[in-house]
$ cat protein_29.tsv   # TSV, N, CA, C and O atoms
chain	number	residue	atom	x	y	z
A	174	ARG	N	143.79	128.04	28.35
A	174	ARG	CA	142.83	127.62	29.34
A	174	ARG	C	142.14	128.86	29.91
A	174	ARG	O	142.78	129.83	30.28
A	175	VAL	N	140.83	128.79	30.03
A	175	VAL	CA	140.04	129.90	30.54
A	175	VAL	C	139.66	129.62	31.99
A	175	VAL	O	139.13	128.56	32.31
A	176	ALA	N	139.94	130.57	32.87
A	176	ALA	CA	139.58	130.41	34.28
A	176	ALA	C	138.09	130.65	34.46
A	176	ALA	O	137.52	131.55	33.85
A	177	LEU	N	137.45	129.82	35.27
A	177	LEU	CA	136.04	130.02	35.56
A	177	LEU	C	135.87	131.19	36.54
A	177	LEU	O	136.73	131.42	37.37
A	178	PRO	N	134.77	131.91	36.42
A	178	PRO	CA	134.53	133.02	37.35
A	178	PRO	C	134.47	132.52	38.80
A	178	PRO	O	134.01	131.41	39.06
A	179	ASP	N	134.92	133.35	39.71
A	179	ASP	CA	134.94	133.02	41.13
A	179	ASP	C	133.68	133.57	41.80
A	179	ASP	O	133.48	134.78	41.84
A	180	ALA	N	132.86	132.68	42.33
A	180	ALA	CA	131.61	133.11	42.98
A	180	ALA	C	131.88	134.01	44.18
A	180	ALA	O	131.06	134.86	44.52
A	181	GLN	N	133.02	133.85	44.84
A	181	GLN	CA	133.35	134.65	46.01
A	181	GLN	C	133.77	136.07	45.64
A	181	GLN	O	133.83	136.95	46.49
A	182	ALA	N	134.08	136.31	44.36
A	182	ALA	CA	134.57	137.62	43.92
A	182	ALA	C	133.49	138.44	43.22
A	182	ALA	O	133.82	139.40	42.53
A	183	LEU	N	132.23	138.09	43.40
A	183	LEU	CA	131.17	138.84	42.74
A	183	LEU	C	131.11	140.27	43.28
A	183	LEU	O	131.21	140.49	44.49
A	184	GLY	N	130.93	141.20	42.36
A	184	GLY	CA	130.76	142.59	42.75
A	184	GLY	C	129.30	142.87	43.07
A	184	GLY	O	128.43	142.01	42.92
A	185	ALA	N	129.03	144.09	43.46
A	185	ALA	CA	127.66	144.49	43.79
A	185	ALA	C	126.75	144.28	42.59
A	185	ALA	O	127.08	144.64	41.47
A	186	ASP	N	125.61	143.64	42.84
A	186	ASP	CA	124.56	143.43	41.85
A	186	ASP	C	124.99	142.49	40.71
A	186	ASP	O	124.41	142.53	39.63
A	187	GLU	N	126.00	141.65	40.93
A	187	GLU	CA	126.42	140.68	39.92
A	187	GLU	C	125.89	139.29	40.25
A	187	GLU	O	125.65	138.96	41.42
A	188	VAL	N	125.71	138.49	39.21
A	188	VAL	CA	125.27	137.11	39.37
A	188	VAL	C	126.19	136.21	38.56
A	188	VAL	O	126.66	136.58	37.48
A	189	LEU	N	126.48	135.02	39.09
A	189	LEU	CA	127.24	134.00	38.38
A	189	LEU	C	126.22	133.06	37.76
A	189	LEU	O	125.39	132.49	38.47
A	190	VAL	N	126.25	132.94	36.44
A	190	VAL	CA	125.26	132.15	35.72
A	190	VAL	C	125.95	130.96	35.06
A	190	VAL	O	126.92	131.13	34.32
A	191	ARG	N	125.44	129.76	35.32
A	191	ARG	CA	125.90	128.54	34.65
A	191	ARG	C	125.05	128.38	33.40
A	191	ARG	O	123.83	128.31	33.45
A	192	THR	N	125.70	128.33	32.25
A	192	THR	CA	125.01	128.26	30.97
A	192	THR	C	124.33	126.91	30.78
A	192	THR	O	124.94	125.87	30.99
A	193	LEU	N	123.06	126.95	30.37
A	193	LEU	CA	122.31	125.74	30.06
A	193	LEU	C	122.07	125.61	28.55
A	193	LEU	O	122.22	124.54	27.99
A	194	PHE	N	121.69	126.72	27.92
A	194	PHE	CA	121.41	126.74	26.48
A	194	PHE	C	121.93	128.03	25.88
A	194	PHE	O	121.85	129.08	26.52
A	195	VAL	N	122.44	127.96	24.65
A	195	VAL	CA	122.81	129.17	23.91
A	195	VAL	C	122.13	129.13	22.55
A	195	VAL	O	121.85	128.07	22.01
A	196	SER	N	121.88	130.30	22.02
A	196	SER	CA	121.27	130.43	20.71
A	196	SER	C	122.37	130.61	19.66
A	196	SER	O	123.22	131.48	19.79
A	197	CYS	N	122.36	129.77	18.67
A	197	CYS	CA	123.30	129.90	17.54
A	197	CYS	C	122.54	130.56	16.40
A	197	CYS	O	121.68	129.94	15.76
A	198	ASP	N	122.83	131.83	16.18
A	198	ASP	CA	122.09	132.63	15.21
A	198	ASP	C	122.91	132.90	13.95
A	198	ASP	O	124.14	133.01	14.02
A	199	PRO	N	122.24	133.06	12.79
A	199	PRO	CA	122.96	133.40	11.57
A	199	PRO	C	123.77	134.70	11.69
A	199	PRO	O	124.79	134.86	11.04
A	200	ALA	N	123.35	135.60	12.58
A	200	ALA	CA	124.07	136.87	12.76
A	200	ALA	C	125.50	136.65	13.23
A	200	ALA	O	126.38	137.48	12.98
A	201	MET	N	125.76	135.53	13.89
A	201	MET	CA	127.11	135.26	14.40
A	201	MET	C	128.13	135.24	13.27
A	201	MET	O	129.27	135.66	13.46
A	202	ARG	N	127.72	134.77	12.11
A	202	ARG	CA	128.65	134.74	10.97
A	202	ARG	C	129.09	136.16	10.61
A	202	ARG	O	130.26	136.40	10.32
A	203	GLY	N	128.14	137.08	10.64
A	203	GLY	CA	128.47	138.47	10.34
A	203	GLY	C	129.36	139.11	11.40
A	203	GLY	O	130.16	139.99	11.10
A	204	TRP	N	129.23	138.68	12.64
A	204	TRP	CA	130.05	139.23	13.73
A	204	TRP	C	131.50	138.80	13.61
A	204	TRP	O	132.38	139.36	14.26
A	205	MET	N	131.78	137.79	12.79
A	205	MET	CA	133.16	137.30	12.63
A	205	MET	C	133.87	137.97	11.47
A	205	MET	O	134.97	137.58	11.10
A	206	THR	N	133.27	139.00	10.88
A	206	THR	CA	133.90	139.74	9.80
A	206	THR	C	134.07	141.20	10.23
A	206	THR	O	133.51	141.63	11.23
A	207	SER	N	134.80	141.94	9.46
A	207	SER	CA	134.98	143.36	9.77
A	207	SER	C	133.95	144.24	9.07
A	207	SER	O	134.04	145.45	9.11
A	208	ALA	N	132.97	143.62	8.41
A	208	ALA	CA	131.93	144.39	7.72
A	208	ALA	C	131.11	145.18	8.74
A	208	ALA	O	130.87	144.71	9.87
A	209	PRO	N	130.66	146.38	8.38
A	209	PRO	CA	129.84	147.18	9.29
A	209	PRO	C	128.59	146.40	9.71
A	209	PRO	O	127.97	145.71	8.91
A	210	SER	N	128.24	146.51	10.97
A	210	SER	CA	127.09	145.79	11.51
A	210	SER	C	126.51	146.58	12.67
A	210	SER	O	127.08	147.58	13.10
A	211	TYR	N	125.41	146.10	13.19
A	211	TYR	CA	124.78	146.77	14.34
A	211	TYR	C	125.54	146.49	15.63
A	211	TYR	O	125.30	147.15	16.63
A	212	LEU	N	126.44	145.51	15.63
A	212	LEU	CA	127.30	145.21	16.78
A	212	LEU	C	128.74	145.16	16.30
A	212	LEU	O	129.01	144.82	15.14
A	213	PRO	N	129.70	145.45	17.18
A	213	PRO	CA	131.10	145.34	16.77
A	213	PRO	C	131.46	143.88	16.49
A	213	PRO	O	130.86	142.97	17.04
A	214	PRO	N	132.47	143.65	15.63
A	214	PRO	CA	132.86	142.28	15.34
A	214	PRO	C	133.48	141.59	16.56
A	214	PRO	O	133.97	142.25	17.47
A	215	VAL	N	133.41	140.27	16.56
A	215	VAL	CA	134.07	139.46	17.58
A	215	VAL	C	135.50	139.25	17.09
A	215	VAL	O	135.71	138.69	16.01
A	216	GLU	N	136.44	139.74	17.83
A	216	GLU	CA	137.84	139.67	17.42
A	216	GLU	C	138.35	138.23	17.43
A	216	GLU	O	137.85	137.38	18.17
A	217	ILE	N	139.35	137.95	16.61
A	217	ILE	CA	139.97	136.63	16.58
A	217	ILE	C	140.51	136.31	17.97
A	217	ILE	O	141.19	137.13	18.59
A	218	GLY	N	140.17	135.15	18.47
A	218	GLY	CA	140.60	134.72	19.80
A	218	GLY	C	139.66	135.13	20.92
A	218	GLY	O	139.80	134.68	22.05
A	219	ALA	N	138.69	136.00	20.61
A	219	ALA	CA	137.73	136.43	21.63
A	219	ALA	C	136.60	135.41	21.75
A	219	ALA	O	136.38	134.61	20.84
A	220	THR	N	135.87	135.45	22.84
A	220	THR	CA	134.75	134.56	23.06
A	220	THR	C	133.53	135.07	22.32
A	220	THR	O	133.18	136.25	22.42
A	221	MET	N	132.86	134.19	21.57
A	221	MET	CA	131.64	134.55	20.85
A	221	MET	C	130.55	134.91	21.86
A	221	MET	O	130.47	134.32	22.94
A	222	ARG	N	129.71	135.86	21.50
A	222	ARG	CA	128.59	136.25	22.35
A	222	ARG	C	127.31	135.61	21.79
A	222	ARG	O	127.23	135.32	20.60
A	223	ALA	N	126.33	135.43	22.65
A	223	ALA	CA	125.06	134.84	22.23
A	223	ALA	C	124.00	135.09	23.29
A	223	ALA	O	124.31	135.37	24.45
A	224	HIS	N	122.76	134.96	22.88
A	224	HIS	CA	121.67	134.94	23.84
A	224	HIS	C	121.67	133.55	24.47
A	224	HIS	O	122.01	132.56	23.81
A	225	GLY	N	121.28	133.47	25.72
A	225	GLY	CA	121.27	132.17	26.35
A	225	GLY	C	120.40	132.10	27.58
A	225	GLY	O	119.90	133.11	28.08
A	226	VAL	N	120.22	130.88	28.04
A	226	VAL	CA	119.47	130.61	29.27
A	226	VAL	C	120.43	129.92	30.22
A	226	VAL	O	121.21	129.05	29.83
A	227	GLY	N	120.38	130.33	31.47
A	227	GLY	CA	121.25	129.72	32.47
A	227	GLY	C	120.60	129.70	33.83
A	227	GLY	O	119.51	130.24	34.02
A	228	ALA	N	121.28	129.07	34.77
A	228	ALA	CA	120.82	129.00	36.15
A	228	ALA	C	121.77	129.80	37.02
A	228	ALA	O	123.00	129.70	36.87
A	229	VAL	N	121.23	130.61	37.91
A	229	VAL	CA	122.05	131.40	38.82
A	229	VAL	C	122.74	130.46	39.80
A	229	VAL	O	122.09	129.70	40.52
A	230	ALA	N	124.08	130.48	39.79
A	230	ALA	CA	124.87	129.64	40.69
A	230	ALA	C	125.29	130.39	41.95
A	230	ALA	O	125.54	129.77	42.98
A	231	ALA	N	125.41	131.70	41.86
A	231	ALA	CA	125.75	132.55	43.00
A	231	ALA	C	125.21	133.94	42.69
A	231	ALA	O	125.11	134.34	41.53
A	232	SER	N	124.85	134.68	43.74
A	232	SER	CA	124.26	135.99	43.50
A	232	SER	C	124.68	136.99	44.56
A	232	SER	O	124.68	136.69	45.76
A	233	ALA	N	125.01	138.20	44.10
A	233	ALA	CA	125.25	139.34	44.98
A	233	ALA	C	124.19	140.40	44.67
A	233	ALA	O	124.41	141.59	44.84
A	234	SER	N	123.05	139.92	44.18
A	234	SER	CA	121.95	140.80	43.78
A	234	SER	C	120.70	140.47	44.60
A	234	SER	O	120.45	139.31	44.90
A	235	THR	N	119.93	141.49	44.91
A	235	THR	CA	118.66	141.26	45.60
A	235	THR	C	117.58	140.80	44.62
A	235	THR	O	116.53	140.33	45.04
A	236	GLN	N	117.84	140.93	43.31
A	236	GLN	CA	116.85	140.54	42.30
A	236	GLN	C	116.88	139.05	41.97
A	236	GLN	O	115.90	138.52	41.46
A	237	PHE	N	118.00	138.37	42.22
A	237	PHE	CA	118.16	136.98	41.79
A	237	PHE	C	118.60	136.10	42.95
A	237	PHE	O	119.44	136.50	43.76
A	238	ARG	N	118.04	134.90	42.98
A	238	ARG	CA	118.43	133.91	43.97
A	238	ARG	C	119.11	132.74	43.27
A	238	ARG	O	118.86	132.49	42.08
A	239	VAL	N	119.92	132.00	44.00
A	239	VAL	CA	120.54	130.80	43.46
A	239	VAL	C	119.43	129.87	42.99
A	239	VAL	O	118.43	129.66	43.68
A	240	GLY	N	119.60	129.34	41.77
A	240	GLY	CA	118.61	128.45	41.18
A	240	GLY	C	117.65	129.11	40.21
A	240	GLY	O	116.99	128.43	39.43
A	241	ASP	N	117.55	130.46	40.25
A	241	ASP	CA	116.70	131.15	39.28
A	241	ASP	C	117.17	130.86	37.86
A	241	ASP	O	118.38	130.85	37.59
A	242	LEU	N	116.22	130.63	36.96
A	242	LEU	CA	116.55	130.53	35.54
A	242	LEU	C	116.50	131.92	34.94
A	242	LEU	O	115.54	132.66	35.18
A	243	VAL	N	117.52	132.28	34.18
A	243	VAL	CA	117.61	133.63	33.62
A	243	VAL	C	117.92	133.57	32.14
A	243	VAL	O	118.47	132.60	31.62
A	244	TYR	N	117.57	134.65	31.46
A	244	TYR	CA	117.86	134.86	30.05
A	244	TYR	C	118.77	136.07	29.97
A	244	TYR	O	118.50	137.10	30.61
A	245	ALA	N	119.87	135.95	29.23
A	245	ALA	CA	120.78	137.08	29.12
A	245	ALA	C	121.60	136.95	27.84
A	245	ALA	O	121.66	135.88	27.22
A	246	ASN	N	122.23	138.02	27.46
A	246	ASN	CA	123.18	138.02	26.35
A	246	ASN	C	124.57	138.07	26.97
A	246	ASN	O	124.83	138.90	27.84
A	247	GLY	N	125.43	137.17	26.55
A	247	GLY	CA	126.76	137.15	27.12
A	247	GLY	C	127.68	136.21	26.37
A	247	GLY	O	127.38	135.76	25.27
A	248	PRO	N	128.82	135.90	26.97
A	248	PRO	CA	129.80	135.04	26.31
A	248	PRO	C	129.34	133.59	26.27
A	248	PRO	O	128.64	133.13	27.17
A	249	VAL	N	129.72	132.88	25.22
A	249	VAL	CA	129.43	131.45	25.11
A	249	VAL	C	130.50	130.73	25.93
A	249	VAL	O	131.61	130.50	25.47
A	250	ARG	N	130.14	130.42	27.17
A	250	ARG	CA	131.04	129.78	28.13
A	250	ARG	C	130.21	128.88	29.04
A	250	ARG	O	128.99	128.99	29.09
A	251	ASP	N	130.89	128.05	29.80
A	251	ASP	CA	130.19	127.21	30.79
A	251	ASP	C	129.51	128.06	31.84
A	251	ASP	O	128.44	127.72	32.33
A	252	SER	N	130.14	129.17	32.21
A	252	SER	CA	129.58	130.07	33.19
A	252	SER	C	130.12	131.47	32.95
A	252	SER	O	131.17	131.64	32.34
A	253	SER	N	129.37	132.45	33.40
A	253	SER	CA	129.81	133.84	33.24
A	253	SER	C	129.20	134.68	34.34
A	253	SER	O	128.22	134.31	34.97
A	254	VAL	N	129.79	135.86	34.54
A	254	VAL	CA	129.28	136.82	35.51
A	254	VAL	C	128.55	137.91	34.74
A	254	VAL	O	129.06	138.44	33.76
A	255	SER	N	127.34	138.22	35.19
A	255	SER	CA	126.54	139.26	34.55
A	255	SER	C	126.06	140.24	35.60
A	255	SER	O	125.84	139.86	36.75
A	256	LEU	N	125.88	141.48	35.19
A	256	LEU	CA	125.22	142.45	36.06
A	256	LEU	C	123.74	142.11	36.09
A	256	LEU	O	123.15	141.81	35.05
A	257	ALA	N	123.14	142.16	37.23
A	257	ALA	CA	121.73	141.78	37.37
A	257	ALA	C	120.81	142.53	36.41
A	257	ALA	O	119.90	141.93	35.86
A	258	PRO	N	121.00	143.84	36.16
A	258	PRO	CA	120.06	144.53	35.27
A	258	PRO	C	120.03	144.00	33.83
A	258	PRO	O	119.09	144.27	33.11
A	259	VAL	N	121.04	143.26	33.39
A	259	VAL	CA	121.05	142.76	32.01
A	259	VAL	C	120.50	141.36	31.89
A	259	VAL	O	120.44	140.80	30.81
A	260	ALA	N	120.07	140.77	32.97
A	260	ALA	CA	119.49	139.43	32.96
A	260	ALA	C	118.01	139.52	33.33
A	260	ALA	O	117.59	140.44	34.00
A	261	ALA	N	117.24	138.57	32.85
A	261	ALA	CA	115.80	138.54	33.15
A	261	ALA	C	115.42	137.15	33.66
A	261	ALA	O	115.85	136.15	33.11
A	262	ILE	N	114.62	137.12	34.69
A	262	ILE	CA	114.16	135.84	35.24
A	262	ILE	C	113.13	135.24	34.30
A	262	ILE	O	112.25	135.93	33.79
A	263	LEU	N	113.24	133.96	34.07
A	263	LEU	CA	112.26	133.25	33.23
A	263	LEU	C	111.13	132.72	34.08
A	263	LEU	O	111.25	132.38	35.20

$ encode --input "protein_29.tsv" --output "structure tokens"
Amino acid sequence: RVALPDAQALGADEVLVRTLFVSCDPAMRGWMTSAPSYLPPVEIGATMRAHGVGAVAASASTQFRVGDLVYANGPVRDSSVSLAPVAAIL
């Protein structure tokens, strides 16, 4: 069981993003092997990464407000915590 991020525990400049959409790309297949690639492989048991769109559920950043739609690269999960500089408002 995976614990959901705690909105009260956000660090400086972090945002809690509820995932709305994720991109399933052919590159993901390559990330599941040990073959050399432009990104390190996703280890067995680790959460797959993907580009996605989400809504800010909590924010400790001056750049993002609750409800903002954002685009970011991160884990394929219901929600995740991201540093504000790696997310972009849509």

$ atom_distance --input "protein_29.tsv" --atom1 "atom O of Gly203 (chain A)" --atom2 "atom N of Glu216 (chain A)"
9.2 Å

$ residues_around --input "protein_29.tsv" --residues "Pro213 (chain A)" --least-positions-apart "5" --cutoff "7 Å" --atoms "all atoms listed in the file" --output "list in words"
Gly203, Trp204, Met205, Thr206 and Ala208 of chain A

$ axis_aligned_box --input "protein_29.tsv" --around "region 204-217 of chain A" --padding-each-side "5 Å" --output "AutoDock Vina command-line options"
--center_x 133.0 --center_y 141.9 --center_z 13.2 --size_x 26.4 --size_y 21.3 --size_z 20.9

$ atom_distance --input "protein_29.tsv" --atom1 "CA of Asp179 (chain A)" --atom2 "CA of His224 (chain A)"
21.9 Å

$ closest_residue --input "protein_29.tsv" --among "A:Val195, A:Met201, A:Leu212, A:Val254" --to "Gly227 (chain A)" --atoms "all atoms listed in the file"
A:Val195

$ atom_distance --input "protein_29.tsv" --atom1 "CA of Ser196 (chain A)" --atom2 "CA of Asn246 (chain A)"
9.6 Å

$ residues_around --input "protein_29.tsv" --residues "Arg238 (chain A)" --least-positions-apart "5" --cutoff "7 Å" --atoms "all atoms listed in the file" --output "PDB file with N, CA, C and O atoms, in the coordinates of the input"
ATOM      1  N   ALA A 228     121.280 129.070  34.770  1.00  0.00           N
ATOM      2  CA  ALA A 228     120.820 129.000  36.150  1.00  0.00           C
ATOM      3  C   ALA A 228     121.770 129.800  37.020  1.00  0.00           C
ATOM      4  O   ALA A 228     123.000 129.700  36.870  1.00  0.00           O
ATOM      5  N   VAL A 229     121.230 130.610  37.910  1.00  0.00           N
ATOM      6  CA  VAL A 229     122.050 131.400  38.820  1.00  0.00           C
ATOM      7  C   VAL A 229     122.740 130.460  39.800  1.00  0.00           C
ATOM      8  O   VAL A 229     122.090 129.700  40.520  1.00  0.00           O
ATOM      9  N   ALA A 230     124.080 130.480  39.790  1.00  0.00           N
ATOM     10  CA  ALA A 230     124.870 129.640  40.690  1.00  0.00           C
ATOM     11  C   ALA A 230     125.290 130.390  41.950  1.00  0.00           C
ATOM     12  O   ALA A 230     125.540 129.770  42.980  1.00  0.00           O
ATOM     13  N   ALA A 231     125.410 131.700  41.860  1.00  0.00           N
ATOM     14  CA  ALA A 231     125.750 132.550  43.000  1.00  0.00           C
ATOM     15  C   ALA A 231     125.210 133.940  42.690  1.00  0.00           C
ATOM     16  O   ALA A 231     125.110 134.340  41.530  1.00  0.00           O
ATOM     17  N   SER A 232     124.850 134.680  43.740  1.00  0.00           N
ATOM     18  CA  SER A 232     124.260 135.990  43.500  1.00  0.00           C
ATOM     19  C   SER A 232     124.680 136.990  44.560  1.00  0.00           C
ATOM     20  O   SER A 232     124.680 136.690  45.760  1.00  0.00           O
TER      21      SER A 232
END

$ closest_residue --input "protein_29.tsv" --among "A:Pro178, A:Gly225, A:Gly247, A:Pro209" --to "Ala261 (chain A)" --atoms "all atoms listed in the file"
A:Gly225

$ residues_around --input "protein_29.tsv" --residues "Thr220 (chain A)" --least-positions-apart "3" --cutoff "6 Å" --atoms "only N, CA, C and O atoms" --output "VMD selection string"
chain A and resid 215 to 216 248 to 249

$ select_by_dssp --input "protein_29.tsv" --residues "chain A" --states "helix (DSSP H, G or I)" --output "list of chain:residue names"
A:Ala180, A:Gln181, A:Ala182, A:Ala200, A:Met201, A:Arg202, A:Gly203, A:Trp204, A:Ala257, A:Pro258, A:Val259

$ residues_around --input "protein_29.tsv" --residues "Thr235 (chain A)" --least-positions-apart "6" --cutoff "8 Å" --atoms "all atoms listed in the file" --output "PDB file with N, CA, C and O atoms, in the coordinates of the input"
ATOM      1  N   ALA A 185     129.030 144.090  43.460  1.00  0.00           N
ATOM      2  CA  ALA A 185     127.660 144.490  43.790  1.00  0.00           C
ATOM      3  C   ALA A 185     126.750 144.280  42.590  1.00  0.00           C
ATOM      4  O   ALA A 185     127.080 144.640  41.470  1.00  0.00           O
ATOM      5  N   ASP A 186     125.610 143.640  42.840  1.00  0.00           N
ATOM      6  CA  ASP A 186     124.560 143.430  41.850  1.00  0.00           C
ATOM      7  C   ASP A 186     124.990 142.490  40.710  1.00  0.00           C
ATOM      8  O   ASP A 186     124.410 142.530  39.630  1.00  0.00           O
ATOM      9  N   GLU A 187     126.000 141.650  40.930  1.00  0.00           N
ATOM     10  CA  GLU A 187     126.420 140.680  39.920  1.00  0.00           C
ATOM     11  C   GLU A 187     125.890 139.290  40.250  1.00  0.00           C
ATOM     12  O   GLU A 187     125.650 138.960  41.420  1.00  0.00           O
ATOM     13  N   ALA A 257     123.140 142.160  37.230  1.00  0.00           N
ATOM     14  CA  ALA A 257     121.730 141.780  37.370  1.00  0.00           C
ATOM     15  C   ALA A 257     120.810 142.530  36.410  1.00  0.00           C
ATOM     16  O   ALA A 257     119.900 141.930  35.860  1.00  0.00           O
TER      17      ALA A 257
END

$ residues_around --input "protein_29.tsv" --residues "Val190 (chain A)" --least-positions-apart "4" --cutoff "4.5 Å" --atoms "only N, CA, C and O atoms" --output "PyMOL selection string"
chain A and resi 228+251-253
